[in-house]
>>> print(open('model.txt').read())   # compact mmCIF, C-alpha atoms
# COMPACT_ATOMS: atom_id res chain seq x y z
CA MET A 1 2.35 44.53 -0.04
CA LYS A 2 0.21 41.48 0.68
CA LEU A 3 1.77 39.38 3.41
CA TYR A 4 1.32 35.66 4.11
CA GLY A 5 3.11 33.47 6.58
CA LEU A 6 3.48 30.42 8.77
CA ILE A 7 2.98 30.26 12.53
CA GLY A 8 4.30 27.45 14.73
CA TYR A 9 7.25 26.62 16.90
CA PRO A 10 9.98 25.90 16.07
CA LEU A 11 10.19 26.83 12.39
CA SER A 12 13.81 26.01 11.62
CA HIS A 13 13.02 23.66 8.72
CA SER A 14 10.04 25.14 6.90
CA PHE A 15 8.85 24.04 3.46
CA SER A 16 6.35 26.86 3.10
CA LYS A 17 8.51 29.98 2.77
CA LYS A 18 10.63 28.59 -0.06
CA TYR A 19 7.60 27.11 -1.83
CA PHE A 20 5.60 30.34 -1.87
CA SER A 21 8.59 32.61 -2.51
CA ASP A 22 9.55 30.46 -5.51
CA MET A 23 5.95 30.52 -6.74
CA PHE A 24 5.75 34.32 -6.51
CA GLU A 25 8.94 34.62 -8.54
CA ARG A 26 8.03 31.92 -11.07
CA GLU A 27 4.51 33.24 -11.66
CA HIS A 28 5.64 36.90 -11.63
CA ILE A 29 3.32 37.66 -8.73
CA GLU A 30 4.41 41.07 -7.50
CA GLY A 31 3.59 42.75 -4.20
CA HIS A 32 3.33 39.45 -2.30
CA LYS A 33 5.60 38.12 0.44
CA TYR A 34 5.69 35.01 2.62
CA GLU A 35 7.39 35.07 6.03
CA LEU A 36 7.97 32.76 8.97
CA PHE A 37 6.51 33.80 12.34
CA PRO A 38 7.89 31.59 15.12
CA LEU A 39 5.09 31.66 17.67
CA GLU A 40 5.83 29.69 20.80
CA HIS A 41 2.54 30.54 22.50
CA ILE A 42 -0.74 30.85 20.62
CA LYS A 43 -1.85 33.60 23.02
CA ASP A 44 0.58 35.85 21.11
CA LEU A 45 -1.45 35.54 17.88
CA PRO A 46 -3.50 38.75 18.43
CA ALA A 47 -0.33 40.81 18.89
CA LEU A 48 1.16 39.28 15.74
CA LEU A 49 -1.91 40.22 13.73
CA GLN A 50 -2.02 43.75 15.09
CA ALA A 51 1.68 44.22 14.29
CA ASN A 52 1.20 43.01 10.71
CA PRO A 53 -2.00 44.64 9.38
CA ASN A 54 -1.20 43.58 5.81
CA LEU A 55 -1.43 39.86 6.64
CA CYS A 56 -3.88 38.14 4.30
CA GLY A 57 -3.34 34.51 5.22
CA LEU A 58 -1.52 32.17 7.56
CA ASN A 59 -0.52 28.55 7.52
CA VAL A 60 -0.48 26.85 10.92
CA THR A 61 1.85 24.08 12.01
CA VAL A 62 2.75 22.32 15.27
CA PRO A 63 1.94 22.90 18.04
CA HIS A 64 -0.98 25.22 17.21
CA LYS A 65 -3.26 23.33 14.80
CA LYS A 66 -5.79 22.58 17.53
CA ASN A 67 -5.56 25.48 19.96
CA VAL A 68 -5.66 28.16 17.23
CA MET A 69 -9.33 27.29 16.71
CA HIS A 70 -10.30 29.29 19.81
CA TYR A 71 -9.18 32.49 18.06
CA LEU A 72 -11.17 32.08 14.85
CA ASP A 73 -14.43 33.72 13.78
CA TRP A 74 -15.49 30.94 11.43
CA ILE A 75 -14.28 27.36 10.87
CA SER A 76 -15.08 25.16 7.88
CA HIS A 77 -17.19 22.07 8.46
CA ASP A 78 -14.44 19.56 7.75
CA ALA A 79 -11.94 21.42 9.95
CA ARG A 80 -14.48 21.29 12.78
CA GLU A 81 -14.98 17.58 12.15
CA VAL A 82 -11.23 17.00 12.19
CA GLY A 83 -10.62 19.27 15.17
CA ALA A 84 -7.62 21.02 13.62
CA VAL A 85 -6.92 24.08 11.46
CA ASN A 86 -3.79 24.61 9.37
CA CYS A 87 -4.89 27.49 7.11
CA ILE A 88 -6.35 30.88 8.07
CA HIS A 89 -7.88 33.38 5.67
CA ILE A 90 -7.74 36.92 7.03
CA HIS A 91 -10.40 39.36 5.85
CA ALA A 92 -10.38 43.05 6.73
CA GLU A 93 -13.54 43.90 8.62
CA SER A 94 -14.83 46.90 10.49
CA PRO A 95 -15.35 46.61 14.25
CA VAL A 96 -18.98 47.58 13.78
CA MET A 97 -19.61 44.70 11.41
CA ALA A 98 -17.76 42.28 13.67
CA ALA A 99 -19.94 43.33 16.59
CA PHE A 100 -23.09 43.03 14.46
CA THR A 101 -22.29 39.44 13.44
CA GLY A 102 -21.56 38.44 17.04
CA GLU A 103 -18.42 36.53 16.14
CA VAL A 104 -16.21 35.06 18.84
CA GLY A 105 -12.68 35.49 17.53
CA ILE A 106 -10.14 37.99 18.86
CA GLU A 107 -11.85 40.67 20.95
CA GLY A 108 -11.70 44.16 19.53
CA HIS A 109 -10.18 43.09 16.24
CA ASN A 110 -10.77 44.71 12.87
CA PHE A 111 -10.26 41.55 10.84
CA ARG A 112 -12.14 38.31 10.34
CA LEU A 113 -10.33 35.00 10.73
CA GLU A 114 -11.61 31.96 8.81
CA GLY A 115 -10.11 28.53 9.53
CA TYR A 116 -9.64 25.62 7.14
CA ASN A 117 -7.86 22.27 7.07
CA THR A 118 -5.94 21.79 3.83
CA ASP A 119 -4.11 18.73 5.24
CA ILE A 120 -7.27 16.78 4.43
CA TYR A 121 -7.08 17.66 0.74
CA GLY A 122 -3.33 17.12 0.57
CA PHE A 123 -3.37 13.73 2.27
CA GLU A 124 -6.44 12.39 0.48
CA THR A 125 -5.31 13.46 -2.99
CA SER A 126 -1.81 12.03 -2.58
CA LEU A 127 -2.97 8.79 -0.91
CA LYS A 128 -5.86 7.81 -3.19
CA PRO A 129 -3.81 6.61 -6.22
CA LEU A 130 -1.76 4.32 -3.96
CA LEU A 131 -4.62 2.45 -2.31
CA ASN A 132 -5.33 -1.16 -3.21
CA HIS A 133 -8.09 -3.56 -2.20
CA HIS A 134 -6.00 -5.03 0.63
CA HIS A 135 -5.53 -1.67 2.35
CA LYS A 136 -8.52 -2.25 4.62
CA LYS A 137 -6.81 -1.61 7.96
CA ALA A 138 -4.36 1.11 8.97
CA LEU A 139 -2.07 2.08 11.81
CA VAL A 140 -1.76 5.82 12.49
CA LEU A 141 1.48 6.55 14.33
CA GLY A 142 1.02 9.61 16.54
CA ASP A 143 -2.07 11.62 17.43
CA GLY A 144 -1.27 15.31 16.91
CA GLY A 145 -2.87 17.87 14.60
CA ALA A 146 -1.75 16.20 11.37
CA ALA A 147 -3.08 12.85 12.57
CA CYS A 148 -6.54 14.42 12.84
CA ALA A 149 -6.65 14.92 9.06
CA VAL A 150 -5.28 11.43 8.42
CA LYS A 151 -7.95 9.82 10.60
CA TYR A 152 -10.65 11.87 8.90
CA VAL A 153 -9.59 10.73 5.41
CA LEU A 154 -9.29 7.08 6.47
CA GLY A 155 -12.77 7.27 7.93
CA GLU A 156 -14.12 8.74 4.68
CA TYR A 157 -12.63 5.78 2.79
CA GLY A 158 -13.99 3.24 5.24
CA ILE A 159 -10.51 2.15 6.28
CA GLU A 160 -10.46 0.80 9.83
CA TYR A 161 -7.59 2.30 11.81
CA ARG A 162 -5.83 2.11 15.16
CA VAL A 163 -3.88 5.03 16.61
CA VAL A 164 -0.50 4.25 18.15
CA THR A 165 0.97 6.58 20.78
CA ARG A 166 3.62 6.68 23.49
CA ARG A 167 1.10 7.53 26.19
CA SER A 168 -1.88 5.37 27.06
CA SER A 169 -5.36 6.62 26.21
CA GLU A 170 -8.83 5.21 25.61
CA THR A 171 -8.55 5.80 21.85
CA SER A 172 -5.04 4.50 21.17
CA ILE A 173 -2.65 1.65 21.76
CA LEU A 174 0.93 1.95 22.93
CA PHE A 175 3.96 1.50 20.70
CA SER A 176 5.19 -0.99 23.27
CA ASP A 177 2.05 -3.10 22.78
CA LEU A 178 2.49 -3.44 19.01
CA THR A 179 3.33 -6.93 17.78
CA ALA A 180 4.55 -8.15 14.41
CA GLY A 181 1.13 -9.75 13.99
CA ILE A 182 -0.69 -6.45 14.47
CA VAL A 183 1.64 -4.75 11.98
CA GLU A 184 1.16 -7.55 9.45
CA ASP A 185 -2.63 -7.27 9.79
CA HIS A 186 -2.63 -3.51 9.07
CA LYS A 187 -1.41 -3.07 5.51
CA LEU A 188 -1.39 0.74 5.60
CA ILE A 189 0.88 2.50 8.12
CA VAL A 190 0.94 6.30 8.32
CA ASN A 191 3.61 8.08 10.36
CA THR A 192 2.42 11.44 11.66
CA THR A 193 5.16 11.76 14.31
CA PRO A 194 8.30 13.89 13.78
CA LEU A 195 10.57 10.88 14.35
CA GLY A 196 13.17 10.77 11.57
CA THR A 197 12.96 14.45 10.58
CA TYR A 198 16.28 16.07 9.63
CA PRO A 199 18.69 16.32 11.40
CA ASN A 200 17.56 13.32 13.49
CA VAL A 201 17.65 10.99 10.49
CA ASP A 202 18.67 7.93 12.53
CA GLU A 203 15.36 7.89 14.40
CA CYS A 204 12.18 6.05 13.41
CA PRO A 205 8.91 5.02 15.05
CA PRO A 206 9.50 1.99 17.31
CA ILE A 207 7.35 -0.61 15.58
CA PRO A 208 8.14 -4.27 14.81
CA TYR A 209 9.23 -3.84 11.20
CA GLU A 210 9.49 -7.61 10.76
CA GLY A 211 5.70 -7.60 10.37
CA ILE A 212 5.86 -5.53 7.17
CA THR A 213 5.21 -7.35 3.88
CA ASP A 214 5.23 -6.50 0.19
CA ASP A 215 1.47 -5.81 0.48
CA HIS A 216 2.13 -2.92 2.85
CA LEU A 217 2.01 0.80 2.06
CA LEU A 218 4.05 3.05 4.34
CA TYR A 219 3.23 6.76 4.20
CA ASP A 220 5.40 9.24 6.10
CA LEU A 221 4.20 12.83 6.48
CA ILE A 222 7.86 13.86 6.83
CA TYR A 223 9.44 15.26 3.66
CA ASN A 224 12.98 15.99 4.88
CA PRO A 225 14.83 13.70 4.29
CA ASP A 226 13.22 12.31 1.15
CA GLN A 227 13.41 8.79 2.55
CA THR A 228 13.22 8.50 6.31
CA LEU A 229 14.50 5.49 8.21
CA PHE A 230 10.84 4.46 8.64
CA LEU A 231 10.37 4.39 4.86
CA ARG A 232 13.72 2.75 4.23
CA LYS A 233 12.94 -0.08 6.62
CA GLY A 234 9.61 -0.60 4.87
CA SER A 235 11.17 -0.54 1.41
CA GLU A 236 13.73 -3.14 2.45
CA ARG A 237 10.84 -5.51 3.22
CA GLY A 238 9.14 -4.86 -0.14
CA ALA A 239 6.54 -2.32 0.96
CA ALA A 240 5.40 0.58 -1.22
CA ILE A 241 6.48 3.91 0.30
CA LYS A 242 5.45 7.56 0.07
CA ASN A 243 6.84 10.67 1.75
CA GLY A 244 4.97 13.86 2.62
CA TYR A 245 6.31 16.22 -0.03
CA GLN A 246 3.40 15.94 -2.47
CA MET A 247 0.94 16.36 0.39
CA LEU A 248 2.67 19.61 1.35
CA GLU A 249 2.57 20.90 -2.22
CA LEU A 250 -1.13 20.07 -2.50
CA GLN A 251 -2.09 21.67 0.80
CA ALA A 252 -0.01 24.76 -0.04
CA ASP A 253 -1.77 25.15 -3.40
CA ARG A 254 -5.13 24.75 -1.68
CA SER A 255 -4.13 27.45 0.85
CA TRP A 256 -3.34 29.81 -2.01
CA GLU A 257 -6.80 29.20 -3.51
CA ILE A 258 -8.44 29.93 -0.16
CA TRP A 259 -6.45 33.13 0.40
CA ASN A 260 -7.44 34.45 -3.01
CA SER A 261 -11.13 33.73 -2.56
CA LYS A 262 -13.27 36.80 -1.94
CA THR A 263 -15.98 34.72 -0.28
CA LYS A 264 -16.89 35.43 3.33
CA HIS A 265 -18.77 32.71 5.12
CA PRO A 266 -21.68 33.33 7.49
>>> encode(input="model.txt", output="structure tokens")
Amino acid sequence: MKLYGLIGYPLSHSFSKKYFSDMFEREHIEGHKYELFPLEHIKDLPALLQANPNLCGLNVTVPHKKNVMHYLDWISHDAREVGAVNCIHIHAESPVMAAFTGEVGIEGHNFRLEGYNTDIYGFETSLKPLLNHHHKKALVLGDGGAACAVKYVLGEYGIEYRVVTRRSSETSILFSDLTAGIVEDHKLIVNTTPLGTYPNVDECPPIPYEGITDDHLLYDLIYNPDQTLFLRKGSERGAAIKNGYQMLELQADRSWEIWNSKTKHP
């Protein structure tokens, strides 16, 4: 039995298990299983791997997309650039070979952990058809692991962006400092915060929605509910809207491709 799974905490509303379980059944893929592994502390990852020797791949969600990188033997270039990993390919490997290559993952392990960021692919592929010439400036709401991929893609497209957070930092502005004028000047707004996720559907990022126009595009990484309060407020002012479901499908499909690759990277 080949085992795959998702680590993060909490995992009460996971897209991944249903998506992969349905795919295995639909595609008649036998001998494969996808499970949820609620992992409150990333230091418990080695024990999880030792207890499940048939694990072939993991998806990674909050709050571990950044700190999981310390446990990996190899990290793809774009994941290093982004500073976050959400997909791990697990290769069986002898301790002798691991010692020979001098890798710095989990000490004493007999597997090789390769880290990737499939959020980049999912966000870029789902965003690109929606972009217009006036989407030259963006606001990124939140600055967690998912925001890392969003910022990377915006940078690749030459879209100037400002990060908006609740806590002051040198690289962001505060939600409380946002004005309707700033919102109006940034025609692309991406919500990477969990505000509005089921069951807290009456929440939304605290921005001045009166600055939104029919030239705006609002993208919410949340997929449950289909239309968050953030998106609904934007739609009411004529903005184009997009939720995170397609992004999740795309990144899940990319994870499956990675897990089924036989390639080991140096």
>>> residues_around(input="model.txt", residues="range 43-50 of chain A", least_positions_apart="6", cutoff="12 Å", atoms="only C-alpha atoms", output="ChimeraX atom specification")
/A:3-8,36-37,56-58,60,64,67-72,88,90-92,105-113
>>> closest_residue(input="model.txt", among="A:Val85, A:Val153, A:Met247, A:Ala180", to="Ser126 in chain A", atoms="all atoms listed in the file")
A:Met247
>>> closest_residue(input="model.txt", among="A:Glu210, A:Glu114, A:Asp226, A:Asp202", to="Thr179 in chain A", atoms="only C-alpha atoms")
A:Glu210
>>> atom_distance(input="model.txt", atom1="CA of Lys65 in chain A", atom2="CA of Gly144 in chain A")
8.5 Å
>>> atom_distance(input="model.txt", atom1="CA of Met23 in chain A", atom2="CA of Val82 in chain A")
28.9 Å
>>> residues_around(input="model.txt", residues="Gly31 in chain A", least_positions_apart="6", cutoff="12 Å", atoms="only C-alpha atoms", output="PDB file with C-alpha atoms, keeping the file's coordinate frame")
ATOM      1  CA  MET A   1       2.350  44.530  -0.040  1.00  0.00           C
ATOM      2  CA  LYS A   2       0.210  41.480   0.680  1.00  0.00           C
ATOM      3  CA  LEU A   3       1.770  39.380   3.410  1.00  0.00           C
ATOM      4  CA  TYR A   4       1.320  35.660   4.110  1.00  0.00           C
ATOM      5  CA  SER A  21       8.590  32.610  -2.510  1.00  0.00           C
ATOM      6  CA  PHE A  24       5.750  34.320  -6.510  1.00  0.00           C
ATOM      7  CA  GLU A  25       8.940  34.620  -8.540  1.00  0.00           C
ATOM      8  CA  ASN A  54      -1.200  43.580   5.810  1.00  0.00           C
TER       9      ASN A  54
END
>>> atom_distance(input="model.txt", atom1="CA of Thr125 in chain A", atom2="CA of Asn86 in chain A")
16.7 Å
>>> closest_residue(input="model.txt", among="A:Lys136, A:His77, A:Lys242, A:Arg232", to="Cys204 in chain A", atoms="all atoms listed in the file")
A:Arg232
>>> residues_around(input="model.txt", residues="Thr118 in chain A", least_positions_apart="5", cutoff="8 Å", atoms="all atoms listed in the file", output="list in words")
Asn86, Cys87, Gln251, Ala252, Arg254 and Ser255 of chain A
>>> closest_residue(input="model.txt", among="A:Leu154, A:Cys148, A:Leu39, A:Ile75", to="Tyr116 in chain A", atoms="only C-alpha atoms")
A:Ile75
>>> closest_residue(input="model.txt", among="A:Asn200, A:Ser261, A:Thr192, A:Ser176", to="Lys151 in chain A", atoms="all atoms listed in the file")
A:Thr192
>>> closest_residue(input="model.txt", among="A:Pro194, A:Gly115, A:Phe20, A:Glu30", to="Asp73 in chain A", atoms="all atoms listed in the file")
A:Gly115
>>> residues_around(input="model.txt", residues="Gly211 in chain A", least_positions_apart="6", cutoff="7 Å", atoms="only C-alpha atoms", output="list in words")
Ala180, Gly181, Val183 and Glu184 of chain A
>>> residues_near_point(input="model.txt", point="(18.4, 10.5, 13.1)", cutoff="12 Å", atoms="all atoms listed in the file", output="ChimeraX atom specification")
/A:194-205,224-225,227-230
>>> residues_around(input="model.txt", residues="range 238-241 of chain A", least_positions_apart="4", cutoff="8 Å", atoms="only C-alpha atoms", output="PyMOL selection string")
chain A and resi 212-220+231+234
>>> residues_near_point(input="model.txt", point="(0.0, -2.2, 21.6)", cutoff="12 Å", atoms="all atoms listed in the file", output="PyMOL selection string")
chain A and resi 139+141+162-169+171-183+206-208
>>> decode(input="model.txt", residues="range 175-213 of chain A", atoms="N, CA and C atoms", output="PDB file, in the first residue's frame")
ATOM      1  N   PHE A 175      -3.355  46.814   8.221  1.00  0.00           N
ATOM      2  CA  PHE A 175      -4.737  46.922   7.770  1.00  0.00           C
ATOM      3  C   PHE A 175      -5.327  48.268   8.194  1.00  0.00           C
ATOM      4  N   SER A 176      -4.979  48.705   9.383  1.00  0.00           N
ATOM      5  CA  SER A 176      -5.533  49.958   9.899  1.00  0.00           C
ATOM      6  C   SER A 176      -5.045  51.190   9.142  1.00  0.00           C
ATOM      7  N   ASP A 177      -3.962  51.041   8.380  1.00  0.00           N
ATOM      8  CA  ASP A 177      -3.429  52.160   7.596  1.00  0.00           C
ATOM      9  C   ASP A 177      -3.960  52.197   6.169  1.00  0.00           C
ATOM     10  N   LEU A 178      -4.712  51.174   5.781  1.00  0.00           N
ATOM     11  CA  LEU A 178      -5.276  51.161   4.426  1.00  0.00           C
ATOM     12  C   LEU A 178      -6.336  52.240   4.282  1.00  0.00           C
ATOM     13  N   THR A 179      -6.331  52.907   3.144  1.00  0.00           N
ATOM     14  CA  THR A 179      -7.360  53.892   2.823  1.00  0.00           C
ATOM     15  C   THR A 179      -8.092  53.454   1.563  1.00  0.00           C
ATOM     16  N   ALA A 180      -9.256  54.050   1.331  1.00  0.00           N
ATOM     17  CA  ALA A 180      -9.994  53.753   0.101  1.00  0.00           C
ATOM     18  C   ALA A 180      -9.161  54.098  -1.121  1.00  0.00           C
ATOM     19  N   GLY A 181      -8.342  55.152  -1.003  1.00  0.00           N
ATOM     20  CA  GLY A 181      -7.484  55.540  -2.116  1.00  0.00           C
ATOM     21  C   GLY A 181      -6.438  54.494  -2.445  1.00  0.00           C
ATOM     22  N   ILE A 182      -5.840  53.904  -1.408  1.00  0.00           N
ATOM     23  CA  ILE A 182      -4.846  52.850  -1.641  1.00  0.00           C
ATOM     24  C   ILE A 182      -5.518  51.646  -2.298  1.00  0.00           C
ATOM     25  N   VAL A 183      -6.686  51.268  -1.797  1.00  0.00           N
ATOM     26  CA  VAL A 183      -7.411  50.135  -2.377  1.00  0.00           C
ATOM     27  C   VAL A 183      -7.755  50.415  -3.836  1.00  0.00           C
ATOM     28  N   GLU A 184      -8.228  51.621  -4.120  1.00  0.00           N
ATOM     29  CA  GLU A 184      -8.608  51.962  -5.494  1.00  0.00           C
ATOM     30  C   GLU A 184      -7.414  51.914  -6.431  1.00  0.00           C
ATOM     31  N   ASP A 185      -6.222  52.237  -5.908  1.00  0.00           N
ATOM     32  CA  ASP A 185      -5.014  52.293  -6.733  1.00  0.00           C
ATOM     33  C   ASP A 185      -4.431  50.913  -7.003  1.00  0.00           C
ATOM     34  N   HIS A 186      -4.850  49.910  -6.244  1.00  0.00           N
ATOM     35  CA  HIS A 186      -4.334  48.543  -6.405  1.00  0.00           C
ATOM     36  C   HIS A 186      -5.467  47.660  -6.913  1.00  0.00           C
ATOM     37  N   LYS A 187      -5.460  47.413  -8.218  1.00  0.00           N
ATOM     38  CA  LYS A 187      -6.613  46.785  -8.864  1.00  0.00           C
ATOM     39  C   LYS A 187      -6.682  45.262  -8.685  1.00  0.00           C
ATOM     40  N   LEU A 188      -5.630  44.679  -8.133  1.00  0.00           N
ATOM     41  CA  LEU A 188      -5.634  43.250  -7.813  1.00  0.00           C
ATOM     42  C   LEU A 188      -5.460  43.100  -6.304  1.00  0.00           C
ATOM     43  N   ILE A 189      -6.389  42.390  -5.658  1.00  0.00           N
ATOM     44  CA  ILE A 189      -6.309  42.169  -4.218  1.00  0.00           C
ATOM     45  C   ILE A 189      -6.408  40.667  -3.962  1.00  0.00           C
ATOM     46  N   VAL A 190      -5.389  40.121  -3.308  1.00  0.00           N
ATOM     47  CA  VAL A 190      -5.332  38.674  -3.048  1.00  0.00           C
ATOM     48  C   VAL A 190      -5.403  38.439  -1.543  1.00  0.00           C
ATOM     49  N   ASN A 191      -6.416  37.703  -1.097  1.00  0.00           N
ATOM     50  CA  ASN A 191      -6.534  37.365   0.312  1.00  0.00           C
ATOM     51  C   ASN A 191      -5.870  36.025   0.588  1.00  0.00           C
ATOM     52  N   THR A 192      -4.816  36.045   1.395  1.00  0.00           N
ATOM     53  CA  THR A 192      -4.149  34.807   1.789  1.00  0.00           C
ATOM     54  C   THR A 192      -4.409  34.489   3.265  1.00  0.00           C
ATOM     55  N   THR A 193      -5.231  35.306   3.933  1.00  0.00           N
ATOM     56  CA  THR A 193      -5.559  35.053   5.338  1.00  0.00           C
ATOM     57  C   THR A 193      -6.687  34.022   5.417  1.00  0.00           C
ATOM     58  N   PRO A 194      -6.912  33.425   6.597  1.00  0.00           N
ATOM     59  CA  PRO A 194      -8.030  32.483   6.752  1.00  0.00           C
ATOM     60  C   PRO A 194      -9.357  33.161   7.059  1.00  0.00           C
ATOM     61  N   LEU A 195      -9.393  34.485   7.079  1.00  0.00           N
ATOM     62  CA  LEU A 195     -10.612  35.200   7.445  1.00  0.00           C
ATOM     63  C   LEU A 195     -11.733  34.917   6.448  1.00  0.00           C
ATOM     64  N   GLY A 196     -12.837  34.379   6.955  1.00  0.00           N
ATOM     65  CA  GLY A 196     -13.979  34.046   6.108  1.00  0.00           C
ATOM     66  C   GLY A 196     -14.129  32.574   5.829  1.00  0.00           C
ATOM     67  N   THR A 197     -13.155  31.755   6.281  1.00  0.00           N
ATOM     68  CA  THR A 197     -13.228  30.307   6.093  1.00  0.00           C
ATOM     69  C   THR A 197     -14.369  29.731   6.929  1.00  0.00           C
ATOM     70  N   TYR A 198     -15.085  28.750   6.347  1.00  0.00           N
ATOM     71  CA  TYR A 198     -16.144  28.057   7.084  1.00  0.00           C
ATOM     72  C   TYR A 198     -15.570  27.466   8.372  1.00  0.00           C
ATOM     73  N   PRO A 199     -16.217  27.615   9.531  1.00  0.00           N
ATOM     74  CA  PRO A 199     -17.596  28.112   9.711  1.00  0.00           C
ATOM     75  C   PRO A 199     -17.696  29.605   9.995  1.00  0.00           C
ATOM     76  N   ASN A 200     -16.562  30.322   9.956  1.00  0.00           N
ATOM     77  CA  ASN A 200     -16.574  31.757  10.284  1.00  0.00           C
ATOM     78  C   ASN A 200     -16.864  32.594   9.042  1.00  0.00           C
ATOM     79  N   VAL A 201     -18.024  32.325   8.424  1.00  0.00           N
ATOM     80  CA  VAL A 201     -18.339  32.910   7.121  1.00  0.00           C
ATOM     81  C   VAL A 201     -18.722  34.383   7.199  1.00  0.00           C
ATOM     82  N   ASP A 202     -18.918  34.910   8.407  1.00  0.00           N
ATOM     83  CA  ASP A 202     -19.280  36.321   8.549  1.00  0.00           C
ATOM     84  C   ASP A 202     -18.061  37.210   8.740  1.00  0.00           C
ATOM     85  N   GLU A 203     -16.873  36.632   8.630  1.00  0.00           N
ATOM     86  CA  GLU A 203     -15.642  37.407   8.763  1.00  0.00           C
ATOM     87  C   GLU A 203     -15.088  37.754   7.382  1.00  0.00           C
ATOM     88  N   CYS A 204     -14.316  38.821   7.327  1.00  0.00           N
ATOM     89  CA  CYS A 204     -13.620  39.195   6.086  1.00  0.00           C
ATOM     90  C   CYS A 204     -12.454  40.106   6.449  1.00  0.00           C
ATOM     91  N   PRO A 205     -11.464  40.222   5.586  1.00  0.00           N
ATOM     92  CA  PRO A 205     -10.348  41.120   5.862  1.00  0.00           C
ATOM     93  C   PRO A 205     -10.852  42.557   6.028  1.00  0.00           C
ATOM     94  N   PRO A 206     -10.330  43.276   7.020  1.00  0.00           N
ATOM     95  CA  PRO A 206     -10.819  44.629   7.300  1.00  0.00           C
ATOM     96  C   PRO A 206     -10.184  45.680   6.395  1.00  0.00           C
ATOM     97  N   ILE A 207     -10.669  45.755   5.170  1.00  0.00           N
ATOM     98  CA  ILE A 207     -10.172  46.752   4.223  1.00  0.00           C
ATOM     99  C   ILE A 207     -11.319  47.693   3.851  1.00  0.00           C
ATOM    100  N   PRO A 208     -11.018  48.889   3.387  1.00  0.00           N
ATOM    101  CA  PRO A 208     -12.085  49.811   2.965  1.00  0.00           C
ATOM    102  C   PRO A 208     -12.650  49.400   1.597  1.00  0.00           C
ATOM    103  N   TYR A 209     -13.700  48.614   1.625  1.00  0.00           N
ATOM    104  CA  TYR A 209     -14.274  48.058   0.398  1.00  0.00           C
ATOM    105  C   TYR A 209     -14.859  49.130  -0.523  1.00  0.00           C
ATOM    106  N   GLU A 210     -15.087  50.324   0.015  1.00  0.00           N
ATOM    107  CA  GLU A 210     -15.616  51.402  -0.835  1.00  0.00           C
ATOM    108  C   GLU A 210     -14.617  51.834  -1.902  1.00  0.00           C
ATOM    109  N   GLY A 211     -13.352  51.410  -1.758  1.00  0.00           N
ATOM    110  CA  GLY A 211     -12.354  51.746  -2.779  1.00  0.00           C
ATOM    111  C   GLY A 211     -12.334  50.785  -3.952  1.00  0.00           C
ATOM    112  N   ILE A 212     -13.131  49.723  -3.898  1.00  0.00           N
ATOM    113  CA  ILE A 212     -13.145  48.720  -4.966  1.00  0.00           C
ATOM    114  C   ILE A 212     -14.008  49.203  -6.128  1.00  0.00           C
ATOM    115  N   THR A 213     -13.520  48.973  -7.346  1.00  0.00           N
ATOM    116  CA  THR A 213     -14.217  49.400  -8.560  1.00  0.00           C
ATOM    117  C   THR A 213     -14.458  48.202  -9.478  1.00  0.00           C
TER     118      THR A 213
END
